$ cat query.cif   # mmCIF, C-alpha atoms and all ligand atoms
data_entry
loop_
_atom_site.label_atom_id
_atom_site.label_comp_id
_atom_site.auth_asym_id
_atom_site.auth_seq_id
_atom_site.Cartn_x
_atom_site.Cartn_y
_atom_site.Cartn_z
CA MET X 1 54.48 101.97 4.52
CA LYS X 2 57.43 101.23 6.72
CA LYS X 3 57.76 97.96 8.57
CA TRP X 4 57.36 98.02 12.37
CA SER X 5 56.55 101.70 12.34
CA LEU X 6 53.35 103.58 13.02
CA TYR X 7 52.40 106.28 10.53
CA ILE X 8 51.27 109.40 12.36
CA GLY X 9 50.91 112.00 9.64
CA SER X 10 52.69 114.04 7.03
CA TYR X 11 53.67 117.61 6.31
CA ALA X 12 55.07 119.10 3.09
CA GLY X 13 54.96 115.62 1.55
CA ILE X 14 57.17 114.14 4.29
CA LYS X 15 55.66 111.23 6.22
CA VAL X 16 56.35 110.86 9.93
CA PHE X 17 56.63 107.41 11.52
CA ILE X 18 57.15 106.15 15.07
CA HIS X 19 59.32 103.05 15.35
CA TRP X 20 57.92 100.33 17.62
CA THR X 21 60.92 100.49 20.00
CA PHE X 22 59.78 104.00 20.94
CA TRP X 23 56.95 102.45 22.99
CA ILE X 24 59.58 100.82 25.22
CA ILE X 25 60.58 104.33 26.38
CA ILE X 26 56.94 105.12 27.17
CA GLY X 27 56.63 101.95 29.23
CA TRP X 28 59.96 102.63 30.94
CA ILE X 29 58.91 106.18 31.97
CA PHE X 30 55.68 104.84 33.42
CA LEU X 31 57.54 102.15 35.38
CA MET X 32 60.08 104.67 36.65
CA HIS X 33 57.30 106.84 38.08
CA TYR X 34 55.69 103.76 39.57
CA ASN X 35 58.95 102.70 41.23
CA LEU X 36 59.39 106.17 42.69
CA GLY X 37 56.03 105.69 44.35
CA HIS X 38 54.21 108.17 42.14
CA GLY X 39 50.56 107.93 41.24
CA LEU X 40 48.84 107.53 37.92
CA THR X 41 48.67 111.28 37.31
CA GLU X 42 52.43 111.75 37.60
CA GLY X 43 52.98 108.75 35.36
CA LEU X 44 50.71 110.24 32.70
CA TRP X 45 52.42 113.63 33.01
CA GLY X 46 55.75 111.87 32.54
CA ILE X 47 54.48 110.28 29.33
CA LEU X 48 53.00 113.55 28.16
CA PHE X 49 56.41 115.14 28.70
CA ILE X 50 58.14 112.48 26.60
CA LEU X 51 55.57 112.96 23.85
CA ALA X 52 56.13 116.73 23.94
CA LEU X 53 59.89 116.18 23.86
CA PHE X 54 59.65 113.89 20.85
CA GLY X 55 57.35 116.44 19.23
CA CYS X 56 60.34 118.79 19.49
CA VAL X 57 62.56 116.08 17.98
CA VAL X 58 60.16 115.83 15.02
CA LEU X 59 60.39 119.61 14.59
CA HIS X 60 64.20 119.31 14.71
CA GLU X 61 64.09 116.77 11.87
CA PHE X 62 61.73 118.98 9.90
CA GLY X 63 64.32 121.73 10.34
CA HIS X 64 66.78 119.56 8.38
CA ALA X 65 64.21 118.28 5.89
CA LEU X 66 62.64 121.61 4.99
CA THR X 67 66.03 123.29 4.62
CA ALA X 68 67.14 120.42 2.35
CA LYS X 69 63.95 120.91 0.36
CA ARG X 70 65.04 124.47 -0.41
CA TYR X 71 68.04 122.91 -2.17
CA HIS X 72 65.75 120.48 -4.02
CA ILE X 73 66.70 117.50 -1.88
CA LYS X 74 63.78 115.27 -1.02
CA THR X 75 63.27 113.52 2.30
CA ARG X 76 61.86 110.02 2.16
CA ASP X 77 60.45 110.08 5.69
CA ILE X 78 61.09 111.01 9.29
CA THR X 79 61.18 108.16 11.81
CA ILE X 80 61.24 108.55 15.58
CA TYR X 81 63.38 106.10 17.57
CA PRO X 82 64.00 106.07 21.34
CA ILE X 83 67.44 107.63 20.76
CA GLY X 84 66.00 110.42 18.60
CA GLY X 85 64.69 111.09 15.14
CA ILE X 86 66.12 110.37 11.72
CA ALA X 87 65.20 112.30 8.60
CA SER X 88 66.09 110.11 5.60
CA LEU X 89 67.31 112.63 3.09
CA GLU X 90 67.69 111.17 -0.39
CA ALA X 91 71.12 112.77 -0.63
CA MET X 92 73.32 115.09 1.37
CA PRO X 93 73.98 118.45 -0.23
CA GLU X 94 77.39 118.47 -1.89
CA LYS X 95 77.99 122.19 -1.61
CA PRO X 96 79.55 122.99 1.78
CA LYS X 97 77.35 126.04 2.37
CA GLN X 98 74.19 124.03 1.76
CA GLU X 99 75.33 121.21 4.01
CA LEU X 100 76.14 123.78 6.68
CA TRP X 101 72.61 125.22 6.61
CA VAL X 102 70.91 121.83 6.48
CA ALA X 103 72.96 120.60 9.47
CA LEU X 104 72.47 123.78 11.51
CA ALA X 105 68.72 123.97 10.88
CA GLY X 106 67.93 121.03 13.21
CA PRO X 107 69.65 122.26 16.39
CA ALA X 108 68.49 125.81 15.56
CA VAL X 109 64.87 124.64 15.88
CA ASN X 110 65.54 123.41 19.44
CA VAL X 111 67.30 126.65 20.38
CA VAL X 112 64.31 128.65 19.09
CA ILE X 113 61.85 126.44 21.02
CA ALA X 114 64.00 126.84 24.16
CA ALA X 115 64.06 130.63 23.71
CA ILE X 116 60.27 130.80 23.28
CA LEU X 117 59.76 128.65 26.39
CA LEU X 118 62.19 130.80 28.40
CA ILE X 119 60.35 133.98 27.43
CA TYR X 120 57.06 132.34 28.38
CA LEU X 121 58.45 131.10 31.71
CA GLN X 122 59.87 134.50 32.55
CA TYR X 123 56.64 136.23 31.58
CA THR X 124 54.60 133.93 33.81
CA GLY X 125 57.21 133.98 36.61
CA LYS X 126 57.74 130.24 36.48
CA VAL X 127 61.53 130.15 36.21
CA PRO X 128 62.59 127.98 39.15
CA ASP X 129 65.32 128.92 41.59
CA LEU X 130 68.04 126.53 40.46
CA THR X 131 70.25 127.31 43.46
CA SER X 132 67.75 125.42 45.60
CA LEU X 133 68.55 122.25 43.70
CA THR X 134 70.94 119.90 45.41
CA ALA X 135 72.76 117.03 43.80
CA GLU X 136 71.25 114.43 46.09
CA ASP X 137 67.63 113.70 45.47
CA SER X 138 67.84 115.51 42.14
CA ASN X 139 65.40 113.04 40.63
CA ALA X 140 62.68 114.07 43.03
CA HIS X 141 63.44 117.73 42.35
CA MET X 142 63.26 117.18 38.65
CA PHE X 143 59.67 116.10 38.94
CA ASN X 144 58.87 119.12 41.07
CA LEU X 145 60.09 121.51 38.41
CA SER X 146 57.47 122.71 35.99
CA PHE X 147 56.64 120.92 32.77
CA GLY X 148 57.59 124.03 30.80
CA PHE X 149 60.98 124.39 32.47
CA ASN X 150 61.86 120.75 31.88
CA LEU X 151 60.90 121.10 28.22
CA PHE X 152 63.04 124.25 28.00
CA ALA X 153 66.03 122.45 29.52
CA ALA X 154 65.55 119.39 27.29
CA ASN X 155 65.49 121.52 24.14
CA LEU X 156 68.60 123.34 25.24
CA ILE X 157 70.36 120.00 25.82
CA LEU X 158 69.11 118.68 22.45
CA GLY X 159 70.44 121.73 20.66
CA VAL X 160 73.82 121.65 22.38
CA PHE X 161 74.26 117.86 22.26
CA ASN X 162 73.60 117.79 18.53
CA LEU X 163 76.24 120.45 17.97
CA ILE X 164 79.05 118.28 19.38
CA PRO X 165 81.47 118.39 16.42
CA ALA X 166 81.48 114.64 15.75
CA PHE X 167 79.70 112.37 13.29
CA PRO X 168 76.94 111.21 13.35
CA MET X 169 75.88 114.35 15.25
CA ASP X 170 74.82 117.44 13.31
CA GLY X 171 77.90 119.18 14.69
CA GLY X 172 80.08 116.73 12.75
CA ARG X 173 78.45 117.86 9.51
CA VAL X 174 78.80 121.49 10.53
CA LEU X 175 82.53 120.96 11.11
CA ARG X 176 82.94 119.08 7.80
CA ALA X 177 81.07 121.78 5.91
CA LEU X 178 83.20 124.54 7.48
CA LEU X 179 86.41 122.65 6.62
CA ALA X 180 85.13 121.94 3.10
CA LEU X 181 84.94 125.68 2.45
CA THR X 182 88.74 125.70 2.24
CA MET X 183 89.66 122.15 1.15
CA ASN X 184 88.20 119.23 -0.79
CA ARG X 185 85.37 117.25 0.69
CA SER X 186 87.10 113.95 1.35
CA LYS X 187 89.96 115.64 3.19
CA ALA X 188 87.41 117.65 5.20
CA THR X 189 85.57 114.42 6.04
CA ARG X 190 88.77 112.72 7.17
CA ILE X 191 89.69 115.58 9.49
CA ALA X 192 86.15 115.91 10.86
CA ALA X 193 85.99 112.15 11.46
CA THR X 194 89.34 112.20 13.28
CA VAL X 195 88.25 115.12 15.49
CA GLY X 196 85.04 113.20 16.25
CA GLN X 197 86.89 110.02 17.15
CA PHE X 198 89.26 111.90 19.47
CA LEU X 199 86.26 113.46 21.19
CA ALA X 200 84.65 110.04 21.41
CA ILE X 201 87.72 108.56 23.11
CA GLY X 202 87.61 111.50 25.51
CA PHE X 203 83.95 110.78 26.29
CA VAL X 204 84.67 107.11 26.96
CA PHE X 205 87.64 107.96 29.18
CA PHE X 206 85.75 110.55 31.24
CA GLY X 207 82.71 108.31 31.29
CA PHE X 208 84.56 105.59 33.18
CA PHE X 209 85.33 108.05 35.97
CA TYR X 210 82.27 110.27 36.08
CA ASN X 211 79.19 109.04 34.31
CA PHE X 212 78.76 105.72 32.57
CA TRP X 213 76.33 107.19 30.05
CA LEU X 214 79.24 109.07 28.51
CA VAL X 215 80.84 105.70 27.67
CA PHE X 216 77.82 104.78 25.57
CA ILE X 217 77.71 108.20 23.93
CA GLY X 218 81.44 107.92 23.21
CA LEU X 219 81.11 104.50 21.58
CA PHE X 220 78.13 105.70 19.55
CA ILE X 221 80.14 108.68 18.27
CA TYR X 222 83.26 106.57 17.63
CA LEU X 223 81.39 104.11 15.41
CA GLY X 224 79.43 106.88 13.69
CA ALA X 225 82.56 108.87 12.87
CA GLY X 226 84.24 105.78 11.43
CA SER X 227 81.33 104.79 9.21
CA GLU X 228 80.90 108.31 7.87
CA ALA X 229 84.58 108.44 6.92
CA ALA X 230 84.31 105.03 5.23
CA TYR X 231 81.18 106.14 3.36
CA GLU X 232 82.86 109.31 2.11
CA SER X 233 86.01 107.55 0.94
CA THR X 234 83.90 104.98 -0.92
CA LYS X 235 81.96 107.80 -2.47
CA SER X 236 84.97 109.73 -3.67
CA ALA X 237 86.47 106.53 -5.07
CA LEU X 238 83.23 105.80 -6.94
CA SER X 239 82.76 109.30 -8.31
CA ARG X 240 85.77 108.84 -10.61
CA TYR X 241 83.87 106.21 -12.62
CA THR X 242 80.59 105.85 -14.45
CA ALA X 243 78.06 103.06 -14.97
CA LYS X 244 79.85 102.21 -18.23
CA ASP X 245 82.94 101.10 -16.26
CA VAL X 246 81.08 98.36 -14.42
CA LEU X 247 78.62 97.45 -17.15
CA MET X 248 77.93 93.73 -17.44
CA LYS X 249 77.05 92.62 -20.94
CA GLN X 250 76.69 88.94 -20.14
CA PHE X 251 73.61 88.33 -18.12
CA THR X 252 70.48 86.24 -18.20
CA CYS X 253 67.57 88.11 -19.69
CA LEU X 254 64.14 86.76 -18.86
CA LEU X 255 61.28 86.73 -21.31
CA PRO X 256 57.91 87.92 -19.97
CA GLU X 257 56.18 84.63 -20.73
CA GLU X 258 58.70 82.43 -18.90
CA THR X 259 57.47 80.59 -15.81
CA LEU X 260 58.60 81.18 -12.26
CA GLU X 261 59.68 77.55 -12.11
CA LYS X 262 62.32 78.30 -14.75
CA VAL X 263 63.51 81.33 -12.77
CA VAL X 264 63.89 79.20 -9.64
CA GLN X 265 66.08 76.83 -11.67
CA LEU X 266 68.21 79.75 -12.87
CA LEU X 267 68.52 81.02 -9.32
CA LEU X 268 69.64 77.65 -8.00
CA ASN X 269 72.01 76.88 -10.87
CA GLY X 270 73.84 80.16 -11.17
CA GLN X 271 75.25 83.20 -9.42
CA GLU X 272 72.54 85.61 -10.49
CA LYS X 273 69.94 86.56 -7.93
CA GLU X 274 67.97 89.25 -9.72
CA PHE X 275 66.98 89.36 -13.35
CA VAL X 276 66.15 91.84 -16.04
CA VAL X 277 63.03 91.16 -18.09
CA ALA X 278 63.18 92.24 -21.73
CA GLU X 279 61.94 91.36 -25.16
CA ASN X 280 63.78 92.32 -28.37
CA ASP X 281 66.15 94.62 -26.43
CA LYS X 282 63.18 96.46 -24.97
CA LEU X 283 63.23 96.63 -21.18
CA LEU X 284 60.01 95.49 -19.50
CA GLY X 285 60.96 95.27 -15.84
CA VAL X 286 63.09 93.61 -13.19
CA LEU X 287 62.49 90.46 -11.18
CA THR X 288 64.07 90.64 -7.72
CA ARG X 289 64.13 87.82 -5.20
CA ILE X 290 61.40 89.51 -3.17
CA GLU X 291 58.97 89.55 -6.10
CA LEU X 292 59.92 86.01 -7.05
CA ILE X 293 59.17 84.63 -3.59
CA LYS X 294 56.01 86.69 -3.27
CA GLY X 295 54.89 85.51 -6.72
CA LEU X 296 55.63 81.87 -5.89
CA SER X 297 53.59 81.96 -2.69
CA GLU X 298 50.71 83.88 -4.22
CA TYR X 299 50.36 82.39 -7.71
CA GLY X 300 52.47 79.23 -7.72
CA LYS X 301 55.37 78.18 -9.89
CA ALA X 302 53.36 77.99 -13.12
CA SER X 303 52.79 81.75 -13.06
CA THR X 304 54.69 83.89 -15.57
CA VAL X 305 57.44 86.45 -15.09
CA SER X 306 55.33 89.31 -16.48
CA ASN X 307 52.78 88.60 -13.79
CA VAL X 308 55.10 89.32 -10.86
CA MET X 309 57.96 91.49 -12.17
CA ARG X 310 58.60 95.02 -10.94
CA LYS X 311 57.74 97.42 -13.75
CA ASP X 312 58.78 100.66 -12.05
CA CYS X 313 62.42 99.60 -11.71
CA ILE X 314 65.26 102.10 -11.74
CA VAL X 315 66.94 102.71 -15.07
CA LEU X 316 70.55 103.83 -15.42
CA HIS X 317 72.37 105.77 -18.07
CA PRO X 318 75.89 104.62 -19.08
CA ASP X 319 77.37 108.05 -18.23
CA MET X 320 75.85 108.24 -14.76
CA PRO X 321 78.58 108.71 -12.08
CA LEU X 322 79.11 105.52 -10.12
CA HIS X 323 78.36 107.03 -6.71
CA GLU X 324 74.93 108.07 -8.00
CA VAL X 325 74.41 104.56 -9.36
CA TYR X 326 75.29 103.14 -5.95
CA GLN X 327 72.98 105.54 -4.13
CA LYS X 328 70.12 104.67 -6.46
CA LEU X 329 70.61 100.94 -5.95
CA MET X 330 70.72 101.40 -2.17
CA ALA X 331 67.71 103.74 -2.05
CA ASN X 332 65.57 101.30 -4.05
CA SER X 333 67.05 98.18 -2.38
CA CYS X 334 67.91 96.64 -5.75
CA ALA X 335 70.89 94.38 -6.41
CA VAL X 336 70.82 94.92 -10.16
CA ALA X 337 69.61 97.66 -12.48
CA PRO X 338 69.33 97.79 -16.27
CA VAL X 339 71.41 100.31 -18.24
CA LEU X 340 69.72 101.91 -21.20
CA ASP X 341 71.26 103.88 -24.02
CA ASN X 342 68.89 105.61 -26.43
CA GLY X 343 66.07 103.43 -25.13
CA GLY X 344 67.90 100.17 -25.84
CA LEU X 345 69.06 97.76 -23.15
CA ILE X 346 72.87 97.60 -23.31
CA GLY X 347 73.65 95.75 -20.09
CA ILE X 348 73.15 95.64 -16.35
CA VAL X 349 74.88 96.98 -13.27
CA ASP X 350 75.22 94.71 -10.26
CA LYS X 351 75.79 96.09 -6.74
CA GLU X 352 78.03 93.20 -5.76
CA ASN X 353 80.02 93.85 -8.90
CA ILE X 354 80.58 97.47 -7.88
CA ASP X 355 81.79 96.31 -4.45
CA GLU X 356 84.31 94.02 -6.11
CA PHE X 357 85.33 96.74 -8.54
CA LEU X 358 86.04 98.99 -5.54
CA LEU X 359 88.13 96.34 -3.81
CA ILE X 360 90.23 95.83 -6.91
CA GLU X 361 90.55 99.56 -7.46
CA ARG X 362 91.77 100.05 -3.89
CA ALA X 363 94.19 97.14 -4.11
CA LEU X 364 95.71 98.45 -7.33
CA LYS X 365 96.04 101.94 -5.96
CA ARG X 366 97.80 100.59 -2.87
CA ILE X 367 100.31 98.76 -5.09
CA ASP X 368 100.77 101.90 -7.19
CA GLY X 369 101.35 104.00 -4.13
CA ALA X 370 103.90 101.64 -2.57
ZN ZN M 1 69.76 116.80 13.60
#

$ encode --input "query.cif" --output "structure tokens"
Amino acid sequence: MKKWSLYIGSYAGIKVFIHWTFWIIIGWIFLMHYNLGHGLTEGLWGILFILALFGCVVLHEFGHALTAKRYHIKTRDITIYPIGGIASLEAMPEKPKQELWVALAGPAVNVVIAAILLIYLQYTGKVPDLTSLTAEDSNAHMFNLSFGFNLFAANLILGVFNLIPAFPMDGGRVLRALLALTMNRSKATRIAATVGQFLAIGFVFFGFFYNFWLVFIGLFIYLGAGSEAAYESTKSALSRYTAKDVLMKQFTCLLPEETLEKVVQLLLNGQEKEFVVAENDKLLGVLTRIELIKGLSEYGKASTVSNVMRKDCIVLHPDMPLHEVYQKLMANSCAVAPVLDNGGLIGIVDKENIDEFLLIERALKRIDGA
């Protein structure tokens, strides 16, 4: 289960959660109706609309997740936040064509929903006369428009907004994927990130004059574009190495029968924060700080390592590419992972160690290049 999130159901093995901050939006909508002097019914309709809208956001995320599934990429979960949904894919497809389809599938869902709603509205004669809308008092008009029309408009906006060609929007991935068809991925990422950041600066600039919301959107895009570019450059730097290159052969190996008191001593006396548990070169598990603290509070310091260690820890192969190693460590929130060769424990990989390795690698390259 996820912390601070409400589980609402699952489809195709993908669990859907609502983050607690989402309820702030619900409260805010209700207050807004109240302040406009609306009654309880309008307030409830407003909330119903938000729920319907976020239902569409969930479908958008399933668009990404189910397309990724076709390429054998799993999705850990889908979580709904006030700013939208996030489908946590375990990896992004490497092939440009696959990334293109996965990125397009989300906005496509909203366009399809909008099209269906438009057909329905036209069939039932409920398409409002937009020329009667005036800029002033547009809030009041908005509430007078039908539920269906508002949902149609919102889906159209969702589809279009997400196609803005800037990270972290889907459009940024679409642009990167299109560029990657003709050049290598890290160059494509750099160009896509630069385009996104230019757009973001444009948003901020226009926002100051026209609409302050654009300033926020611009900043959001600017930061997103930067972090995606940083992530990609880290990844391409890592992919040139394997687990063997950062293997640590000197590390403290815990025995299953050792007490937690001893581990606490090790933790306080040294640099190591997480430990591998093994006996006669045979891996038994990993003891992270979380398990150690949980074990201490539940069983006391006389309890043994085997009692509290994590047995289903990730196991690495010496030839595994370093970016995969990094992804695995991040996905399982581990700081260290054992490396096995032919079933025997040959060393460990430490996340902090990889970070340092990267820093050194970058520094050396900079000297080489100068
Ligand atoms: Zn999306």

$ atom_distance --input "query.cif" --atom1 "atom CA of Glu291 of chain X" --atom2 "atom CA of Lys273 of chain X"
11.5 Å

$ residues_near_ligand --input "query.cif" --ligand "ligand ZN 1 (chain M)" --cutoff "12 Å" --atoms "all atoms listed in the file" --output "number ranges by chain"
X: 56-65, 67, 78, 83-89, 99-110, 158-164, 167-174

$ atom_distance --input "query.cif" --atom1 "atom CA of Gly226 of chain X" --atom2 "atom CA of Pro165 of chain X"
13.8 Å

$ atom_distance --input "query.cif" --atom1 "atom CA of Ala153 of chain X" --atom2 "atom CA of Ala12 of chain X"
28.8 Å

$ closest_residue --input "query.cif" --among "X:Val276, X:Ile201, X:Ala154, X:Met320" --to "Lys249 of chain X" --atoms "all atoms listed in the file"
X:Val276

$ residues_around --input "query.cif" --residues "Ala188 of chain X" --least-positions-apart "2" --cutoff "12 Å" --atoms "all atoms listed in the file" --output "VMD selection string"
chain X and resid 96 172 to 186 190 to 195 228 to 229 232 to 233

$ write_last_selection --input "query.cif" --atoms "C-alpha atoms" --output "tab-separated table (two decimals), in the frame of the given file"
chain	number	residue	atom	x	y	z
X	96	PRO	CA	79.55	122.99	1.78
X	172	GLY	CA	80.08	116.73	12.75
X	173	ARG	CA	78.45	117.86	9.51
X	174	VAL	CA	78.80	121.49	10.53
X	175	LEU	CA	82.53	120.96	11.11
X	176	ARG	CA	82.94	119.08	7.80
X	177	ALA	CA	81.07	121.78	5.91
X	178	LEU	CA	83.20	124.54	7.48
X	179	LEU	CA	86.41	122.65	6.62
X	180	ALA	CA	85.13	121.94	3.10
X	181	LEU	CA	84.94	125.68	2.45
X	182	THR	CA	88.74	125.70	2.24
X	183	MET	CA	89.66	122.15	1.15
X	184	ASN	CA	88.20	119.23	-0.79
X	185	ARG	CA	85.37	117.25	0.69
X	186	SER	CA	87.10	113.95	1.35
X	190	ARG	CA	88.77	112.72	7.17
X	191	ILE	CA	89.69	115.58	9.49
X	192	ALA	CA	86.15	115.91	10.86
X	193	ALA	CA	85.99	112.15	11.46
X	194	THR	CA	89.34	112.20	13.28
X	195	VAL	CA	88.25	115.12	15.49
X	228	GLU	CA	80.90	108.31	7.87
X	229	ALA	CA	84.58	108.44	6.92
X	232	GLU	CA	82.86	109.31	2.11
X	233	SER	CA	86.01	107.55	0.94

$ residues_around --input "query.cif" --residues "segment 359-365 of chain X" --least-positions-apart "4" --cutoff "12 Å" --atoms "all atoms listed in the file" --output "PyMOL selection string"
chain X and resi 233-234+236-238+240-241+245-246+352-355+369-370

$ residues_around --input "query.cif" --residues "segment 302-310 of chain X" --least-positions-apart "5" --cutoff "6 Å" --atoms "all atoms listed in the file" --output "VMD selection string"
chain X and resid 256 to 260 285 to 287 295

$ residues_around --input "query.cif" --residues "Ile314 of chain X" --least-positions-apart "3" --cutoff "12 Å" --atoms "only C-alpha atoms" --output "PDB file with C-alpha atoms, in the frame of the given file"
ATOM      1  CA  VAL X 276      66.150  91.840 -16.040  1.00  0.00           C
ATOM      2  CA  LEU X 283      63.230  96.630 -21.180  1.00  0.00           C
ATOM      3  CA  LEU X 284      60.010  95.490 -19.500  1.00  0.00           C
ATOM      4  CA  GLY X 285      60.960  95.270 -15.840  1.00  0.00           C
ATOM      5  CA  VAL X 286      63.090  93.610 -13.190  1.00  0.00           C
ATOM      6  CA  LEU X 287      62.490  90.460 -11.180  1.00  0.00           C
ATOM      7  CA  ARG X 310      58.600  95.020 -10.940  1.00  0.00           C
ATOM      8  CA  LYS X 311      57.740  97.420 -13.750  1.00  0.00           C
ATOM      9  CA  HIS X 317      72.370 105.770 -18.070  1.00  0.00           C
ATOM     10  CA  GLU X 324      74.930 108.070  -8.000  1.00  0.00           C
ATOM     11  CA  VAL X 325      74.410 104.560  -9.360  1.00  0.00           C
ATOM     12  CA  TYR X 326      75.290 103.140  -5.950  1.00  0.00           C
ATOM     13  CA  GLN X 327      72.980 105.540  -4.130  1.00  0.00           C
ATOM     14  CA  LYS X 328      70.120 104.670  -6.460  1.00  0.00           C
ATOM     15  CA  LEU X 329      70.610 100.940  -5.950  1.00  0.00           C
ATOM     16  CA  MET X 330      70.720 101.400  -2.170  1.00  0.00           C
ATOM     17  CA  ALA X 331      67.710 103.740  -2.050  1.00  0.00           C
ATOM     18  CA  ASN X 332      65.570 101.300  -4.050  1.00  0.00           C
ATOM     19  CA  SER X 333      67.050  98.180  -2.380  1.00  0.00           C
ATOM     20  CA  CYS X 334      67.910  96.640  -5.750  1.00  0.00           C
ATOM     21  CA  ALA X 335      70.890  94.380  -6.410  1.00  0.00           C
ATOM     22  CA  VAL X 336      70.820  94.920 -10.160  1.00  0.00           C
ATOM     23  CA  ALA X 337      69.610  97.660 -12.480  1.00  0.00           C
ATOM     24  CA  PRO X 338      69.330  97.790 -16.270  1.00  0.00           C
ATOM     25  CA  VAL X 339      71.410 100.310 -18.240  1.00  0.00           C
ATOM     26  CA  LEU X 340      69.720 101.910 -21.200  1.00  0.00           C
ATOM     27  CA  ILE X 348      73.150  95.640 -16.350  1.00  0.00           C
ATOM     28  CA  VAL X 349      74.880  96.980 -13.270  1.00  0.00           C
TER      29      VAL X 349
END

$ closest_residue --input "query.cif" --among "X:Phe147, X:Leu322, X:Lys262, X:Tyr123" --to "Lys301 of chain X" --atoms "only C-alpha atoms"
X:Lys262

$ residues_near_point --input "query.cif" --point "(66.6, 117.8, -3.5)" --cutoff "9 Å" --atoms "all atoms listed in the file" --output "list in words"
Ala68, Lys69, Arg70, Tyr71, His72, Ile73, Lys74, Thr75, Leu89, Glu90, Ala91, Met92 and Pro93 of chain X

$ residues_around --input "query.cif" --residues "Phe49 of chain X" --least-positions-apart "2" --cutoff "10 Å" --atoms "all atoms listed in the file" --output "PyMOL selection string"
chain X and resi 29+43-47+51-55+147-148+150-151

$ axis_aligned_box --input "query.cif" --around "segment 144-156 of chain X" --padding-each-side "4 Å" --output "JSON"
{"center_x": 62.6, "center_y": 121.8, "center_z": 32.6, "size_x": 20.0, "size_y": 13.3, "size_z": 24.9}

$ closest_residue --input "query.cif" --among "X:Ile18, X:Val264, X:Ile217, X:Ala225" --to "Thr79 of chain X" --atoms "only C-alpha atoms"
X:Ile18
